[in-house]
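Trainee: Provided herewith is a single structure, encoded as structure tokens, for subsequent inquiry.
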Amino acid sequence: MDRKNVSIVRYQKPRESVRRAVELCGGLDNLPRAPRVFIKPNIVFWFKVLFPKWGVATTSRVIEDAVVLLKEHGVNDIVIGEGMVLRNYKDSETPADAFEKLGFGKLRERYGVKSLNIHARPFIKTDLGGGVILNFNQDALESDFLVNLPVLKTHSQTTTSLGIKNLKGLIDVESRKKCHNPDLERDLEYMIARLADKMPPSLTLIDGIYSLERGPGFDGAPRRTDLLVRSEEHTSELQSPNTI
């Protein structure tokens, strides 16, 4: 098995804690020159009148800290993309509301960061092997580097939800239905284990400022844990996924 380095850091101070977690695990020295970077947070779902409880969505603090770190490394082309669960996948107002209330508009003003709803973007049919063919967001696949920002939480269907499962927010609705199927062998865990295989070079930083017990939804129990977990970059689709 290809081993990866992992760092675990207490979140104590904005910017510095994320920087330390990344530096302890190899830094960002392997970033390509003038890269297009895609940031994948975990928003899950959104209700305009109900702000998510802590531990459900990636905190805006960690997202901004990651953006600042990328800017310090000379990255100017940054996109935040998410494909949250929606009652109507043609709904563009709910993602826009989530992005604005989570502060993505401020990130655009401060750092020139773009944000996109992947349900309104093109998808590419991708063969993951083992009989798994899913449609992935084109923007993420064609980026030069992926920053995966999941939340530290339990999950009712996959025991725990860390880096790999967060990538499910990059596939289209039909692909998600394939993942949630009654097949006892090709179940959800079988499917999501392959999600990272075709991703560009990437790193995973798990946001555990708040963790969530009995997740992943609003009925879970949040805990203030102040943890960051970061894994070493995955640099080739032939390597094992870089997630925990």
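Residues are referred to by chain and number: the chain letter is A, B, ... according to the order shown in the structure tokens, the number counts from 1 in that chain, and ligands are numbered separately from 1 in the order shown.
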Go through region 2-243 of chain A and collect every residue that DSSP, computed from the backbone, puts in strand (DSSP E); the answer should be as a ChimeraX atom specification.

Mentor: /A:6-10,36-41,77-82,114-117,123-129,132-137,145-149,151-155,159-161,202-213,221-234

Trainee: Tell me, as a ChimeraX atom specification, which residues lie within 8 Å of Thr58 (chain A), counting only C-alpha atoms; anything in the same chain fewer than 4 positions away does not count.

Mentor: /A:41-43,62-63,149-151,207

Trainee: Which residues come within 10 Å of Thr158 (chain A), counting only C-alpha atoms, excluding same-chain residues fewer than 5 positions away, as a ChimeraX atom specification?

Mentor: /A:165,187-189,192

Trainee: Would you list the contacts of Pro32 (chain A) as a short mmCIF file (atom, residue, chain, number, x, y, z; two decimals) with C-alpha atoms, in the first residue's frame, taking every protein, DNA or RNA residue within 10 Å and counting only C-alpha atoms, but skipping same-chain residues closer than 3 positions in sequence?

Mentor:
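Now in selection28.cif:
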data_model
loop_
_atom_site.label_atom_id
_atom_site.label_comp_id
_atom_site.auth_asym_id
_atom_site.auth_seq_id
_atom_site.Cartn_x
_atom_site.Cartn_y
_atom_site.Cartn_z
CA LEU A 28 2.54 23.25 -1.11
CA ASP A 29 5.93 23.08 -2.78
CA PRO A 35 -2.09 26.68 -11.41
CA ARG A 36 -5.84 26.66 -11.68
CA VAL A 37 -6.94 25.55 -8.21
CA VAL A 75 -2.00 31.21 -6.83
CA ASP A 144 -4.33 21.77 -12.03
CA PHE A 145 -4.76 21.23 -8.30
CA PRO A 201 -2.95 16.46 -7.89
#

Trainee: I want to know what sits within 10 Å of Lys101 (chain A), based on only C-alpha atoms, with residues of the same chain fewer than 4 positions away left out; could you give that as a ChimeraX atom specification?

Mentor: /A:48,51,60,95-97,105-106

Trainee: As a list in words, please: the residues near Asp172 (chain A) (cut-off 12 Å, only C-alpha atoms, same-chain neighbours under 4 positions excluded).

Mentor: Glu82, Gly83, Met84, Val85, Leu86, Tyr89, Asn117, Ile118, His119, Ala120, Arg121, Pro122, Phe123, Ile124, Lys125, Thr126, Ile133, Leu134, Asn135, Phe136, Asn137, Gln138, Leu167, Lys168, Arg176, Lys177, Lys178 and Cys179 of chain A

Trainee: Could you please determine the separation between CA of Asn76 (chain A) and CA of Val147 (chain A) in Å, to one decimal place?

Mentor: 14.3 Å

Trainee: Out of A:Val68, A:Ala57, A:Leu128, A:Ile78, which residue has the shortest atom-to-atom distance to Val18 (chain A) when counting only C-alpha atoms?

Mentor: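 Distance minimum relative to Val18 (chain A) lands on A:Val68.
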
Trainee: Considering only C-alpha atoms, return as a PyMOL selection string whatever protein or nucleic-acid residues lie within 12 Å of region 218-225 of chain A, sequence-local ones (same chain, fewer than 4 positions apart) excluded.

Mentor: chain A and resi 8-12+43-47+50-57+151-156+207-214+229

Trainee: Limited to N, CA, C and O atoms, could you put the picked residues into a file as a tab-separated table (two decimals), in the first residue's frame?

Mentor:
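Output contents, as saved in out-v4.tsv:
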chain	number	residue	atom	x	y	z
A	8	ILE	N	-1.90	16.23	12.25
A	8	ILE	CA	-3.07	16.56	13.07
A	8	ILE	C	-2.69	17.75	13.94
A	8	ILE	O	-1.72	17.69	14.71
A	9	VAL	N	-3.43	18.84	13.79
A	9	VAL	CA	-3.08	20.11	14.44
A	9	VAL	C	-4.30	20.68	15.15
A	9	VAL	O	-5.43	20.58	14.64
A	10	ARG	N	-4.08	21.28	16.30
A	10	ARG	CA	-5.15	22.01	16.98
A	10	ARG	C	-5.40	23.34	16.25
A	10	ARG	O	-4.45	24.04	15.92
A	11	TYR	N	-6.68	23.65	16.02
A	11	TYR	CA	-6.97	24.96	15.44
A	11	TYR	C	-6.96	25.98	16.56
A	11	TYR	O	-7.86	26.01	17.41
A	12	GLN	N	-5.94	26.84	16.56
A	12	GLN	CA	-5.77	27.82	17.63
A	12	GLN	C	-5.82	29.26	17.16
A	12	GLN	O	-6.21	30.14	17.92
A	43	ILE	N	-20.76	21.50	1.80
A	43	ILE	CA	-21.93	22.27	2.23
A	43	ILE	C	-23.13	21.35	2.47
A	43	ILE	O	-23.99	21.64	3.28
A	44	VAL	N	-23.20	20.25	1.80
A	44	VAL	CA	-24.24	19.23	1.92
A	44	VAL	C	-25.56	19.74	1.36
A	44	VAL	O	-25.92	19.44	0.23
A	45	PHE	N	-26.33	20.48	2.15
A	45	PHE	CA	-27.58	21.06	1.68
A	45	PHE	C	-27.81	22.37	2.42
A	45	PHE	O	-27.10	22.70	3.36
A	46	TRP	N	-28.85	23.08	1.98
A	46	TRP	CA	-29.03	24.45	2.51
A	46	TRP	C	-30.50	24.82	2.51
A	46	TRP	O	-31.24	24.48	1.59
A	47	PHE	N	-30.92	25.48	3.59
A	47	PHE	CA	-32.25	26.05	3.67
A	47	PHE	C	-32.09	27.55	3.93
A	47	PHE	O	-31.37	27.95	4.85
A	50	LEU	N	-32.73	28.60	7.46
A	50	LEU	CA	-32.10	27.84	8.54
A	50	LEU	C	-30.61	27.72	8.26
A	50	LEU	O	-30.19	27.00	7.36
A	51	PHE	N	-29.83	28.45	9.03
A	51	PHE	CA	-28.39	28.37	8.85
A	51	PHE	C	-27.90	27.03	9.40
A	51	PHE	O	-28.34	26.60	10.47
A	52	PRO	N	-27.00	26.33	8.70
A	52	PRO	CA	-26.55	24.99	9.15
A	52	PRO	C	-25.93	25.02	10.54
A	52	PRO	O	-25.24	25.96	10.90
A	53	LYS	N	-26.18	23.97	11.29
A	53	LYS	CA	-25.52	23.83	12.58
A	53	LYS	C	-24.03	23.59	12.36
A	53	LYS	O	-23.60	23.10	11.33
A	54	TRP	N	-23.24	23.94	13.37
A	54	TRP	CA	-21.81	23.68	13.30
A	54	TRP	C	-21.57	22.18	13.10
A	54	TRP	O	-22.26	21.35	13.65
A	55	GLY	N	-20.58	21.86	12.32
A	55	GLY	CA	-20.24	20.46	12.07
A	55	GLY	C	-20.90	19.88	10.85
A	55	GLY	O	-20.60	18.76	10.45
A	56	VAL	N	-21.81	20.63	10.23
A	56	VAL	CA	-22.49	20.16	9.01
A	56	VAL	C	-21.71	20.62	7.78
A	56	VAL	O	-21.39	19.81	6.90
A	57	ALA	N	-21.40	21.90	7.70
A	57	ALA	CA	-20.72	22.47	6.53
A	57	ALA	C	-19.30	22.91	6.91
A	57	ALA	O	-19.03	23.25	8.07
A	151	VAL	N	-15.60	17.93	6.23
A	151	VAL	CA	-15.86	18.15	7.65
A	151	VAL	C	-15.67	16.84	8.40
A	151	VAL	O	-15.99	15.77	7.88
A	152	LEU	N	-15.16	16.92	9.61
A	152	LEU	CA	-14.98	15.73	10.44
A	152	LEU	C	-16.32	15.36	11.08
A	152	LEU	O	-16.77	16.01	12.01
A	153	LYS	N	-16.95	14.31	10.53
A	153	LYS	CA	-18.27	13.92	11.06
A	153	LYS	C	-18.54	12.45	10.83
A	153	LYS	O	-17.95	11.82	9.95
A	154	THR	N	-19.44	11.92	11.64
A	154	THR	CA	-19.90	10.56	11.41
A	154	THR	C	-20.94	10.59	10.29
A	154	THR	O	-21.45	11.65	9.92
A	155	HIS	N	-21.23	9.42	9.75
A	155	HIS	CA	-22.20	9.33	8.67
A	155	HIS	C	-23.03	8.07	8.82
A	155	HIS	O	-22.49	6.99	9.10
A	156	SER	N	-24.32	8.20	8.64
A	156	SER	CA	-25.24	7.09	8.89
A	156	SER	C	-25.07	5.95	7.90
A	156	SER	O	-25.48	4.82	8.18
A	207	ASP	N	-11.72	19.72	8.12
A	207	ASP	CA	-12.12	20.77	9.05
A	207	ASP	C	-12.82	20.13	10.25
A	207	ASP	O	-13.96	19.69	10.17
A	208	GLY	N	-12.08	20.10	11.37
A	208	GLY	CA	-12.65	19.56	12.60
A	208	GLY	C	-12.73	20.62	13.69
A	208	GLY	O	-12.70	20.28	14.87
A	209	ILE	N	-12.85	21.89	13.28
A	209	ILE	CA	-13.09	22.93	14.29
A	209	ILE	C	-14.34	22.54	15.07
A	209	ILE	O	-14.39	22.60	16.30
A	210	TYR	N	-15.36	22.13	14.33
A	210	TYR	CA	-16.54	21.47	14.91
A	210	TYR	C	-16.67	20.12	14.25
A	210	TYR	O	-16.64	20.02	13.02
A	211	SER	N	-16.82	19.08	15.03
A	211	SER	CA	-17.12	17.75	14.48
A	211	SER	C	-18.60	17.46	14.73
A	211	SER	O	-19.27	18.17	15.47
A	212	LEU	N	-19.09	16.41	14.09
A	212	LEU	CA	-20.53	16.12	14.17
A	212	LEU	C	-20.75	14.65	14.48
A	212	LEU	O	-20.35	13.78	13.71
A	213	GLU	N	-21.40	14.38	15.58
A	213	GLU	CA	-21.83	13.03	15.93
A	213	GLU	C	-23.22	12.80	15.36
A	213	GLU	O	-24.01	13.73	15.23
A	214	ARG	N	-23.53	11.55	15.01
A	214	ARG	CA	-24.83	11.18	14.44
A	214	ARG	C	-25.12	12.01	13.18
A	214	ARG	O	-26.22	12.49	12.97
A	229	VAL	N	-7.00	18.04	10.20
A	229	VAL	CA	-6.28	16.84	9.78
A	229	VAL	C	-5.95	17.01	8.31
A	229	VAL	O	-6.84	17.24	7.48

Trainee: Which one of A:Leu141, A:Gln157, A:Val173, A:Phe38 sits closest to Asn88 (chain A) if you count only C-alpha atoms?

Mentor: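 Nearest candidate to Asn88 (chain A) out of A:Leu141, A:Gln157, A:Val173, A:Phe38: A:Val173.
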
Trainee: Could you check which of A:Ala193, A:Leu228, A:Ala98, A:Ala66 is closest to Ile39 (chain A), using only C-alpha atoms?

Mentor: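 So, comparing all the options, the nearest one is A:Ala66.
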
Trainee: Which residue out of A:His73, A:Asp197, A:Leu146, A:Gly81 has the minimum interatomic distance to Gly130 (chain A) when only C-alpha atoms are used?

Mentor: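 Using only C-alpha atoms, Gly130 (chain A) sits closest to A:Asp197.
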
Trainee: Write out as an MDAnalysis selection string all residues of region 72-234 of chain A that DSSP puts in alpha helix (DSSP H) for this structure's backbone.

Mentor: chainID A and resid 72 93:101 104:111 138:141 163:166 173:179 188:192

Trainee: Considering only C-alpha atoms, can you say which of A:Arg194, A:Lys4, A:Arg186, A:Arg108 comes closest to Ile164 (chain A)?

Mentor: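 Nearest candidate to Ile164 (chain A) out of A:Arg194, A:Lys4, A:Arg186, A:Arg108: A:Arg194.
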
Trainee: Can you tell me how far CA of Asp65 (chain A) sits from CA of Pro216 (chain A), in Å to one decimal?

Mentor: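 Separation between CA of Asp65 (chain A) and CA of Pro216 (chain A): 23.6 Å.
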